[in-house]
>>> print(open('final-v3.cif').read())   # mmCIF, C-alpha atoms
data_data
#
loop_
_atom_site.label_atom_id
_atom_site.label_comp_id
_atom_site.auth_asym_id
_atom_site.auth_seq_id
_atom_site.Cartn_x
_atom_site.Cartn_y
_atom_site.Cartn_z
CA MET A 296 8.17 -11.00 16.39
CA ALA A 297 9.54 -7.84 14.80
CA HIS A 298 8.41 -4.41 15.90
CA THR A 299 4.80 -3.57 15.11
CA THR A 300 5.75 -0.13 13.76
CA PHE A 301 7.92 1.10 10.92
CA ALA A 302 9.33 4.58 10.27
CA LEU A 303 8.39 5.47 6.70
CA GLY A 304 11.19 7.50 5.16
CA GLY A 305 12.89 7.36 8.55
CA ASP A 306 10.58 9.94 10.11
CA LEU A 307 6.95 8.79 9.80
CA PRO A 308 6.17 6.00 12.28
CA VAL A 309 3.19 3.87 11.24
CA ARG A 310 1.70 0.65 12.47
CA ARG A 311 2.82 -1.99 10.04
CA LEU A 312 -0.63 -3.47 9.49
CA GLY A 313 -2.64 -0.87 7.62
CA LEU A 314 -5.64 -0.60 5.34
CA GLY A 315 -5.87 -0.59 1.56
CA THR A 316 -8.83 1.10 -0.07
CA GLY A 317 -9.30 -0.88 -3.27
CA GLY A 318 -12.08 -2.78 -1.51
CA LEU A 319 -14.08 0.41 -1.03
CA VAL A 320 -14.78 0.79 -4.76
CA GLY A 321 -16.51 -1.40 -7.29
CA PRO A 322 -15.31 -4.38 -9.33
CA GLY A 323 -12.32 -3.61 -11.50
CA TYR A 324 -11.59 -0.66 -9.19
CA TRP A 325 -14.40 1.22 -10.96
CA GLY A 326 -17.34 3.10 -9.51
CA PRO A 327 -18.81 2.72 -6.03
CA ARG A 328 -18.95 -0.63 -4.30
CA GLY A 329 -21.90 0.07 -2.05
CA GLY A 330 -23.20 2.77 0.21
CA ARG A 331 -20.98 5.78 0.78
CA SER A 332 -21.83 5.94 4.48
CA GLU A 333 -20.78 2.31 4.98
CA ALA A 334 -17.41 2.93 3.35
CA MET A 335 -16.82 6.00 5.48
CA GLU A 336 -17.76 4.11 8.64
CA LEU A 337 -15.29 1.35 7.77
CA LEU A 338 -12.51 3.91 7.39
CA ARG A 339 -13.34 5.47 10.74
CA THR A 340 -13.49 2.06 12.41
CA ALA A 341 -10.05 1.19 11.04
CA VAL A 342 -8.55 4.34 12.53
CA GLU A 343 -10.35 3.76 15.82
CA ARG A 344 -8.77 0.28 15.86
CA GLY A 345 -5.33 1.84 15.59
CA VAL A 346 -4.61 1.88 11.85
CA THR A 347 -2.17 4.69 11.04
CA LEU A 348 -1.36 3.82 7.40
CA ILE A 349 -4.04 4.03 4.72
CA ASP A 350 -3.03 3.18 1.17
CA THR A 351 -5.04 4.50 -1.76
CA ALA A 352 -4.69 5.71 -5.35
CA ASP A 353 -6.19 8.44 -7.47
CA ASN A 354 -7.54 5.89 -9.92
CA TYR A 355 -9.53 3.82 -7.42
CA GLY A 356 -13.00 4.77 -8.55
CA PRO A 357 -11.38 6.80 -10.12
CA ASP A 358 -11.14 9.63 -7.55
CA LEU A 359 -13.71 7.97 -5.31
CA ALA A 360 -11.41 6.34 -2.73
CA GLU A 361 -9.54 9.58 -2.07
CA GLU A 362 -12.83 11.45 -1.71
CA LEU A 363 -14.14 8.86 0.75
CA ILE A 364 -10.99 9.14 2.86
CA ALA A 365 -11.27 12.91 3.04
CA ASP A 366 -14.98 12.85 3.82
CA ALA A 367 -14.51 10.25 6.54
CA LEU A 368 -11.27 11.30 8.18
CA HIS A 369 -10.39 14.92 7.42
CA PRO A 370 -8.97 16.70 9.37
CA TYR A 371 -6.51 13.85 9.79
CA GLY A 372 -4.98 12.94 13.11
CA GLU A 373 -1.30 13.67 13.56
CA GLN A 374 -0.37 9.97 13.48
CA LEU A 375 -2.38 9.09 10.36
CA VAL A 376 -0.46 8.66 7.11
CA VAL A 377 -2.46 8.60 3.89
CA ALA A 378 -0.41 7.25 1.00
CA THR A 379 -1.70 7.68 -2.53
CA LYS A 380 -0.53 6.94 -6.06
CA GLY A 381 -0.51 8.48 -9.51
CA GLY A 382 0.79 7.58 -12.93
CA VAL A 383 -2.06 5.76 -14.64
CA VAL A 384 -5.41 6.86 -16.05
CA ARG A 385 -8.58 4.80 -16.29
CA THR A 386 -11.18 4.37 -19.01
CA GLY A 387 -13.25 1.59 -17.46
CA PRO A 388 -13.21 -1.40 -15.09
CA ASP A 389 -9.78 -3.04 -15.09
CA GLU A 390 -8.65 -0.67 -17.85
CA TRP A 391 -5.33 1.00 -17.02
CA HIS A 392 -3.23 3.32 -19.17
CA LEU A 393 0.23 4.51 -18.20
CA ALA A 394 0.62 8.26 -17.97
CA GLY A 395 4.12 9.26 -16.87
CA ARG A 396 4.74 12.51 -18.69
CA PRO A 397 5.81 15.27 -16.31
CA GLU A 398 2.71 17.40 -16.91
CA GLN A 399 0.49 14.36 -16.28
CA LEU A 400 2.19 13.40 -13.03
CA ARG A 401 2.07 16.97 -11.76
CA ALA A 402 -1.63 17.31 -12.58
CA MET A 403 -2.41 13.98 -10.89
CA CYS A 404 -0.52 14.90 -7.74
CA GLU A 405 -2.18 18.29 -7.50
CA ALA A 406 -5.61 16.73 -8.02
CA SER A 407 -4.91 14.27 -5.20
CA LEU A 408 -3.90 17.14 -2.95
CA ARG A 409 -7.26 18.76 -3.59
CA ARG A 410 -9.30 15.60 -3.09
CA LEU A 411 -7.47 14.65 0.11
CA ARG A 412 -7.65 18.29 1.30
CA VAL A 413 -4.00 18.50 2.22
CA GLU A 414 -1.11 20.75 1.29
CA ARG A 415 1.39 17.89 1.31
CA ILE A 416 0.98 14.16 0.66
CA ASP A 417 2.97 12.13 3.17
CA LEU A 418 3.73 9.31 0.73
CA TYR A 419 3.19 9.69 -3.02
CA GLN A 420 3.85 6.56 -5.03
CA LEU A 421 4.43 6.29 -8.76
CA HIS A 422 1.89 3.66 -9.74
CA ARG A 423 3.94 2.36 -12.66
CA PHE A 424 6.98 3.46 -14.62
CA ASP A 425 5.82 4.56 -18.07
CA PRO A 426 8.21 2.97 -20.62
CA ALA A 427 7.37 5.75 -23.11
CA VAL A 428 8.87 8.37 -20.79
CA PRO A 429 12.48 8.38 -19.55
CA MET A 430 12.72 7.24 -15.94
CA ALA A 431 14.72 10.36 -15.12
CA GLU A 432 11.83 12.59 -16.24
CA GLN A 433 9.29 10.73 -14.13
CA LEU A 434 11.49 10.70 -11.03
CA GLY A 435 12.55 14.29 -11.68
CA THR A 436 8.92 15.40 -11.62
CA LEU A 437 8.38 13.69 -8.26
CA ALA A 438 11.61 15.22 -6.94
CA ARG A 439 10.42 18.70 -7.96
CA LEU A 440 7.04 18.15 -6.32
CA ARG A 441 8.90 17.08 -3.19
CA ALA A 442 11.12 20.16 -3.30
CA GLU A 443 7.97 22.30 -3.61
CA GLY A 444 6.58 20.74 -0.43
CA LYS A 445 3.74 18.90 -2.16
CA ILE A 446 5.19 15.45 -1.43
CA ARG A 447 6.94 14.40 1.75
CA HIS A 448 8.18 10.99 0.62
CA ILE A 449 8.36 9.19 -2.74
CA GLY A 450 7.37 5.57 -3.30
CA LEU A 451 7.35 3.20 -6.27
CA ASP A 452 4.77 0.62 -7.28
CA THR A 453 5.61 -2.55 -9.24
CA VAL A 454 9.34 -2.30 -9.81
CA THR A 455 12.18 -4.68 -10.49
CA ALA A 456 15.26 -4.78 -8.31
CA GLU A 457 17.25 -3.05 -11.07
CA GLU A 458 14.66 -0.28 -11.39
CA LEU A 459 14.79 0.26 -7.65
CA ARG A 460 18.59 0.48 -7.74
CA LEU A 461 18.48 3.01 -10.58
CA ALA A 462 15.72 5.04 -8.95
CA ARG A 463 17.64 5.33 -5.70
CA GLU A 464 20.46 7.02 -7.62
CA SER A 465 18.06 9.87 -8.46
CA VAL A 466 15.67 10.21 -5.53
CA PRO A 467 15.27 8.91 -1.99
CA VAL A 468 12.77 6.04 -2.14
CA ALA A 469 10.69 5.55 1.00
CA SER A 470 8.47 2.69 -0.11
CA VAL A 471 7.89 -0.02 -2.68
CA GLN A 472 4.66 -1.80 -3.55
CA ASN A 473 5.04 -5.17 -5.25
CA PRO A 474 3.10 -8.43 -5.02
CA TYR A 475 4.27 -10.51 -2.08
CA ASN A 476 2.53 -13.09 0.07
CA LEU A 477 2.86 -16.59 1.48
CA MET A 478 2.56 -18.19 -1.93
CA ASP A 479 4.17 -15.50 -4.10
CA ARG A 480 7.77 -14.61 -3.30
CA GLY A 481 8.64 -13.34 -6.78
CA SER A 482 9.83 -10.01 -5.38
CA ALA A 483 12.30 -11.51 -2.90
CA GLU A 484 15.22 -9.59 -4.42
CA VAL A 485 13.30 -6.33 -4.15
CA LEU A 486 12.46 -7.15 -0.53
CA ALA A 487 16.14 -7.76 0.22
CA LEU A 488 17.01 -4.34 -1.21
CA CYS A 489 14.30 -2.74 0.90
CA GLU A 490 15.68 -4.43 4.02
CA ALA A 491 19.19 -3.25 3.19
CA HIS A 492 18.15 0.36 2.72
CA GLY A 493 15.34 0.80 5.25
CA ILE A 494 12.62 1.04 2.60
CA ALA A 495 9.06 0.09 3.48
CA PHE A 496 7.67 -2.76 1.38
CA LEU A 497 3.88 -2.54 1.10
CA PRO A 498 2.95 -5.95 -0.33
CA TYR A 499 -0.07 -5.84 -2.54
CA TYR A 500 -2.29 -8.89 -2.72
CA PRO A 501 -1.04 -9.78 0.79
CA LEU A 502 -3.89 -12.28 0.92
CA GLY A 503 -3.38 -13.53 -2.62
CA GLY A 504 -6.45 -11.73 -3.90
CA GLY A 505 -8.52 -13.50 -1.24
CA ALA A 506 -7.17 -16.99 -1.96
CA LEU A 507 -5.23 -17.08 1.30
CA THR A 508 -8.34 -16.37 3.37
CA ARG A 509 -9.64 -19.83 2.47
CA GLU A 510 -8.39 -23.18 3.64
CA GLY A 511 -5.40 -24.15 1.55
CA ALA A 512 -1.99 -25.54 2.34
CA ALA A 513 -1.93 -28.02 5.20
CA ALA A 514 0.78 -26.01 6.95
CA VAL A 515 -1.41 -22.89 6.99
CA THR A 516 -4.39 -24.87 8.24
CA ALA A 517 -2.35 -26.45 11.02
CA VAL A 518 -0.85 -23.16 12.20
CA ALA A 519 -4.26 -21.47 12.06
CA ALA A 520 -5.80 -24.22 14.17
CA ALA A 521 -3.04 -23.90 16.76
CA HIS A 522 -3.83 -20.21 17.19
CA GLY A 523 -7.59 -20.38 16.83
CA ALA A 524 -7.21 -18.11 13.83
CA GLY A 525 -8.28 -18.09 10.21
CA PRO A 526 -5.88 -18.81 7.33
CA GLY A 527 -5.96 -15.18 6.23
CA GLN A 528 -4.87 -14.07 9.68
CA ILE A 529 -1.94 -16.47 9.53
CA ALA A 530 -0.98 -15.16 6.08
CA LEU A 531 -0.89 -11.59 7.42
CA ALA A 532 0.87 -12.58 10.63
CA TRP A 533 3.51 -14.38 8.56
CA LEU A 534 4.22 -11.20 6.61
CA LEU A 535 4.72 -9.27 9.85
CA HIS A 536 7.11 -11.96 11.12
CA HIS A 537 8.88 -12.57 7.83
CA SER A 538 10.53 -9.16 7.46
CA PRO A 539 10.54 -6.00 9.58
CA VAL A 540 10.03 -3.80 6.48
CA LEU A 541 6.86 -5.52 5.29
CA CYS A 542 3.82 -3.31 5.90
CA PRO A 543 0.73 -5.09 4.55
CA THR A 544 -2.34 -3.00 3.79
CA PRO A 545 -5.09 -5.52 3.01
CA GLY A 546 -8.20 -4.00 1.51
CA THR A 547 -11.78 -4.83 2.34
CA GLY A 548 -15.23 -3.33 2.29
CA SER A 549 -16.48 -5.65 5.03
CA PRO A 550 -16.40 -4.64 8.71
CA ALA A 551 -16.08 -8.32 9.70
CA HIS A 552 -13.11 -8.85 7.41
CA LEU A 553 -11.54 -5.61 8.64
CA ALA A 554 -11.72 -6.85 12.23
CA GLU A 555 -10.32 -10.23 11.23
CA ASN A 556 -7.44 -8.66 9.31
CA LEU A 557 -6.49 -6.28 12.10
CA ASP A 558 -6.61 -9.06 14.69
CA ALA A 559 -3.80 -10.74 12.75
CA ALA A 560 -1.42 -8.31 14.46
CA THR A 561 -2.04 -10.13 17.74
CA VAL A 562 -1.00 -13.55 16.39
CA ARG A 563 2.44 -14.51 17.71
CA LEU A 564 4.00 -17.18 15.53
CA THR A 565 6.75 -19.38 16.91
CA ALA A 566 10.09 -19.67 15.12
CA ARG A 567 9.10 -23.19 14.09
CA GLU A 568 5.81 -21.99 12.65
CA VAL A 569 7.53 -19.21 10.72
CA ALA A 570 10.01 -21.70 9.28
CA LEU A 571 7.17 -24.04 8.33
CA LEU A 572 5.39 -21.22 6.50
CA ASP A 573 8.62 -19.95 4.94
CA ALA A 574 9.05 -23.36 3.35
CA LEU A 575 5.74 -23.13 1.49
CA ALA A 576 7.33 -21.18 -1.37
#
>>> encode(input="final-v3.cif", output="structure tokens")
Amino acid sequence: MAHTTFALGGDLPVRRLGLGTGGLVGPGYWGPRGGRSEAMELLRTAVERGVTLIDTADNYGPDLAEELIADALHPYGEQLVVATKGGVVRTGPDEWHLAGRPEQLRAMCEASLRRLRVERIDLYQLHRFDPAVPMAEQLGTLARLRAEGKIRHIGLDTVTAEELRLARESVPVASVQNPYNLMDRGSAEVLALCEAHGIAFLPYYPLGGGALTREGAAAVTAVAAAHGAGPGQIALAWLLHHSPVLCPTPGTGSPAHLAENLDAATVRLTAREVALLDALA
């Protein structure tokens, strides 16, 4: 198996299996999901279990996920990396509007700094490229925020391989977030670029939106049975084995699911099992 850690941007070592925070807010990423104290306890449990990478966004809630992280974990431990995102605004559940003008991105970043109670965000990811704004203006804004010390590393969410190539000509890119899982390899070319350039790939929907936690393909069921594990654990373990730059951050609001997800890091797949799972796509 590949190393269990990855150096984000070359200088921020994190455990590759982290925690996403979309599961801490309500349906459609809108409003609270449940009790605030329960969400905070889940965050603390994740860190106690060794999680060092927490992935969030300003629009989860909106604002709510960042506030929960700060309330639960601030002051942050030296090893903890909180990655957040900006670039879209929300008007309701599952309603997303691109907002990539320089003044919008700056305001979003500075609001995240306040909510997270930090002077610098370790990893700030552009949630989407806004087609109404030149790419150079969006990346230039992030570069200026980085030069001002408000961002340590820049990441991109939902990009094509060509967009990643173009972006790297303007700014150093530390991370990419695209869909990627056992059954969805549509971003294979992006993953190859990340491997070539030492860029972290944070696959979103690493469990296929929950589909991969249920019994499915016979190969997954067979491998899970051999390890006494659940299918979701095998799906996460496969990501960790499949590429050393993959850093899945599955989200959940359930302590039981959190424990199950994190235990996936202990599953050691054989080369034959990896090949069997590779062939599913």
>>> residues_around(input="final-v3.cif", residues="A:Cys489", least_positions_apart="2", cutoff="12 Å", atoms="all atoms listed in the file", output="PyMOL selection string")
chain A and resi 303-304+450-451+454-456+459-460+463+468-473+482-487+491-498+538-542
>>> closest_residue(input="final-v3.cif", among="A:Thr516, A:Asn354, A:Thr547, A:Thr453", to="A:Phe424", atoms="only C-alpha atoms")
A:Thr453
>>> resolve_selection(input="final-v3.cif", expression="the PyMOL selection byres ((chain A and resi 372) around 12)", output="list in words")
Arg339, Val342, Glu343, Gly345, Val346, Thr347, Leu348, Ala365, Ala367, Leu368, His369, Pro370, Tyr371, Glu373, Gln374, Leu375, Val376 and Val377 of chain A
>>> closest_residue(input="final-v3.cif", among="A:Arg385, A:Leu363, A:Ala352, A:Tyr419", to="A:Trp325", atoms="all atoms listed in the file")
A:Arg385
>>> resolve_selection(input="final-v3.cif", expression="the PyMOL selection byres ((chain A and resi 379) around 12)", output="mmCIF file with C-alpha atoms, in the frame of the given file")
data_model
loop_
_atom_site.group_PDB
_atom_site.id
_atom_site.type_symbol
_atom_site.label_atom_id
_atom_site.label_comp_id
_atom_site.auth_asym_id
_atom_site.auth_seq_id
_atom_site.Cartn_x
_atom_site.Cartn_y
_atom_site.Cartn_z
ATOM 1 C CA GLY A 315 -5.870 -0.590 1.560
ATOM 2 C CA THR A 316 -8.830 1.100 -0.070
ATOM 3 C CA GLY A 317 -9.300 -0.880 -3.270
ATOM 4 C CA LEU A 348 -1.360 3.820 7.400
ATOM 5 C CA ILE A 349 -4.040 4.030 4.720
ATOM 6 C CA ASP A 350 -3.030 3.180 1.170
ATOM 7 C CA THR A 351 -5.040 4.500 -1.760
ATOM 8 C CA ALA A 352 -4.690 5.710 -5.350
ATOM 9 C CA ASP A 353 -6.190 8.440 -7.470
ATOM 10 C CA ASN A 354 -7.540 5.890 -9.920
ATOM 11 C CA TYR A 355 -9.530 3.820 -7.420
ATOM 12 C CA ASP A 358 -11.140 9.630 -7.550
ATOM 13 C CA ALA A 360 -11.410 6.340 -2.730
ATOM 14 C CA GLU A 361 -9.540 9.580 -2.070
ATOM 15 C CA GLU A 362 -12.830 11.450 -1.710
ATOM 16 C CA ILE A 364 -10.990 9.140 2.860
ATOM 17 C CA VAL A 376 -0.460 8.660 7.110
ATOM 18 C CA VAL A 377 -2.460 8.600 3.890
ATOM 19 C CA ALA A 378 -0.410 7.250 1.000
ATOM 20 C CA LYS A 380 -0.530 6.940 -6.060
ATOM 21 C CA GLY A 381 -0.510 8.480 -9.510
ATOM 22 C CA GLY A 382 0.790 7.580 -12.930
ATOM 23 C CA MET A 403 -2.410 13.980 -10.890
ATOM 24 C CA CYS A 404 -0.520 14.900 -7.740
ATOM 25 C CA GLU A 405 -2.180 18.290 -7.500
ATOM 26 C CA ALA A 406 -5.610 16.730 -8.020
ATOM 27 C CA SER A 407 -4.910 14.270 -5.200
ATOM 28 C CA LEU A 408 -3.900 17.140 -2.950
ATOM 29 C CA ARG A 410 -9.300 15.600 -3.090
ATOM 30 C CA LEU A 411 -7.470 14.650 0.110
ATOM 31 C CA ARG A 415 1.390 17.890 1.310
ATOM 32 C CA ILE A 416 0.980 14.160 0.660
ATOM 33 C CA ASP A 417 2.970 12.130 3.170
ATOM 34 C CA LEU A 418 3.730 9.310 0.730
ATOM 35 C CA TYR A 419 3.190 9.690 -3.020
ATOM 36 C CA GLN A 420 3.850 6.560 -5.030
ATOM 37 C CA LEU A 421 4.430 6.290 -8.760
ATOM 38 C CA HIS A 422 1.890 3.660 -9.740
ATOM 39 C CA ILE A 446 5.190 15.450 -1.430
ATOM 40 C CA ARG A 447 6.940 14.400 1.750
ATOM 41 C CA HIS A 448 8.180 10.990 0.620
ATOM 42 C CA ILE A 449 8.360 9.190 -2.740
ATOM 43 C CA GLY A 450 7.370 5.570 -3.300
ATOM 44 C CA LEU A 451 7.350 3.200 -6.270
ATOM 45 C CA ASP A 452 4.770 0.620 -7.280
ATOM 46 C CA SER A 470 8.470 2.690 -0.110
ATOM 47 C CA GLN A 472 4.660 -1.800 -3.550
#
>>> residues_around(input="final-v3.cif", residues="A:Ala513", least_positions_apart="4", cutoff="12 Å", atoms="only C-alpha atoms", output="VMD selection string")
chain A and resid 509 517 to 520 526 571 to 572 575
>>> atom_distance(input="final-v3.cif", atom1="atom CA of A:Glu390", atom2="atom CA of A:Gly323")
7.9 Å
>>> closest_residue(input="final-v3.cif", among="A:Ala576, A:Val466, A:Leu502, A:Leu307", to="A:His552", atoms="all atoms listed in the file")
A:Leu502
>>> atom_distance(input="final-v3.cif", atom1="atom CA of A:Thr544", atom2="atom CA of A:Asn556")
9.4 Å
>>> residues_around(input="final-v3.cif", residues="A:Arg563", least_positions_apart="5", cutoff="12 Å", atoms="all atoms listed in the file", output="PDB file with C-alpha atoms, in the frame of the given file")
ATOM      1  CA  MET A 296       8.170 -11.000  16.390  1.00  0.00           C
ATOM      2  CA  ALA A 297       9.540  -7.840  14.800  1.00  0.00           C
ATOM      3  CA  HIS A 298       8.410  -4.410  15.900  1.00  0.00           C
ATOM      4  CA  THR A 299       4.800  -3.570  15.110  1.00  0.00           C
ATOM      5  CA  VAL A 518      -0.850 -23.160  12.200  1.00  0.00           C
ATOM      6  CA  ALA A 519      -4.260 -21.470  12.060  1.00  0.00           C
ATOM      7  CA  ALA A 521      -3.040 -23.900  16.760  1.00  0.00           C
ATOM      8  CA  HIS A 522      -3.830 -20.210  17.190  1.00  0.00           C
ATOM      9  CA  GLY A 523      -7.590 -20.380  16.830  1.00  0.00           C
ATOM     10  CA  ALA A 524      -7.210 -18.110  13.830  1.00  0.00           C
ATOM     11  CA  GLN A 528      -4.870 -14.070   9.680  1.00  0.00           C
ATOM     12  CA  ILE A 529      -1.940 -16.470   9.530  1.00  0.00           C
ATOM     13  CA  LEU A 531      -0.890 -11.590   7.420  1.00  0.00           C
ATOM     14  CA  ALA A 532       0.870 -12.580  10.630  1.00  0.00           C
ATOM     15  CA  TRP A 533       3.510 -14.380   8.560  1.00  0.00           C
ATOM     16  CA  LEU A 534       4.220 -11.200   6.610  1.00  0.00           C
ATOM     17  CA  LEU A 535       4.720  -9.270   9.850  1.00  0.00           C
ATOM     18  CA  HIS A 536       7.110 -11.960  11.120  1.00  0.00           C
ATOM     19  CA  HIS A 537       8.880 -12.570   7.830  1.00  0.00           C
ATOM     20  CA  ASP A 558      -6.610  -9.060  14.690  1.00  0.00           C
ATOM     21  CA  GLU A 568       5.810 -21.990  12.650  1.00  0.00           C
ATOM     22  CA  VAL A 569       7.530 -19.210  10.720  1.00  0.00           C
TER      23      VAL A 569
END
>>> atom_distance(input="final-v3.cif", atom1="atom CA of A:Arg310", atom2="atom CA of A:Leu337")
17.6 Å
>>> closest_residue(input="final-v3.cif", among="A:Pro322, A:Gly313, A:Pro550, A:Gly395", to="A:Ala334", atoms="all atoms listed in the file")
A:Pro550
>>> closest_residue(input="final-v3.cif", among="A:Tyr324, A:Val384, A:Thr508, A:Val515", to="A:Ala570", atoms="all atoms listed in the file")
A:Val515
>>> closest_residue(input="final-v3.cif", among="A:Arg396, A:Glu457, A:Leu312, A:Asp425", to="A:Thr300", atoms="all atoms listed in the file")
A:Leu312
>>> decode(input="final-v3.cif", residues="stretch 491-502 of chain A", atoms="N, CA and C atoms", output="JSON list (two decimals), in the first residue's frame")
[["chain", "number", "residue", "atom", "x", "y", "z"],
["A", 491, "ALA", "N", 1.63, 13.37, -11.82],
["A", 491, "ALA", "CA", 2.85, 13.85, -12.48],
["A", 491, "ALA", "C", 3.43, 15.08, -11.80],
["A", 492, "HIS", "N", 2.58, 15.87, -11.15],
["A", 492, "HIS", "CA", 3.03, 17.14, -10.61],
["A", 492, "HIS", "C", 2.93, 17.23, -9.08],
["A", 493, "GLY", "N", 2.67, 16.11, -8.43],
["A", 493, "GLY", "CA", 2.62, 16.11, -6.97],
["A", 493, "GLY", "C", 1.48, 16.91, -6.40],
["A", 494, "ILE", "N", 0.33, 16.88, -7.07],
["A", 494, "ILE", "CA", -0.86, 17.61, -6.64],
["A", 494, "ILE", "C", -1.81, 16.66, -5.92],
["A", 495, "ALA", "N", -2.29, 17.06, -4.77],
["A", 495, "ALA", "CA", -3.26, 16.23, -4.05],
["A", 495, "ALA", "C", -4.57, 16.19, -4.83],
["A", 496, "PHE", "N", -5.17, 15.02, -4.91],
["A", 496, "PHE", "CA", -6.48, 14.86, -5.54],
["A", 496, "PHE", "C", -7.44, 14.43, -4.44],
["A", 497, "LEU", "N", -8.36, 15.34, -4.07],
["A", 497, "LEU", "CA", -9.35, 15.07, -3.04],
["A", 497, "LEU", "C", -10.64, 14.64, -3.74],
["A", 498, "PRO", "N", -10.86, 13.34, -3.89],
["A", 498, "PRO", "CA", -12.03, 12.89, -4.66],
["A", 498, "PRO", "C", -13.32, 13.18, -3.92],
["A", 499, "TYR", "N", -14.22, 13.91, -4.57],
["A", 499, "TYR", "CA", -15.51, 14.05, -3.90],
["A", 499, "TYR", "C", -16.46, 12.98, -4.41],
["A", 500, "TYR", "N", -17.45, 12.69, -3.57],
["A", 500, "TYR", "CA", -18.26, 11.48, -3.73],
["A", 500, "TYR", "C", -17.36, 10.24, -3.75],
["A", 501, "PRO", "N", -16.43, 10.11, -2.79],
["A", 501, "PRO", "CA", -15.57, 8.92, -2.79],
["A", 501, "PRO", "C", -16.35, 7.64, -2.56],
["A", 502, "LEU", "N", -17.55, 7.78, -1.99],
["A", 502, "LEU", "CA", -18.42, 6.63, -1.77],
["A", 502, "LEU", "C", -19.63, 6.66, -2.70]]
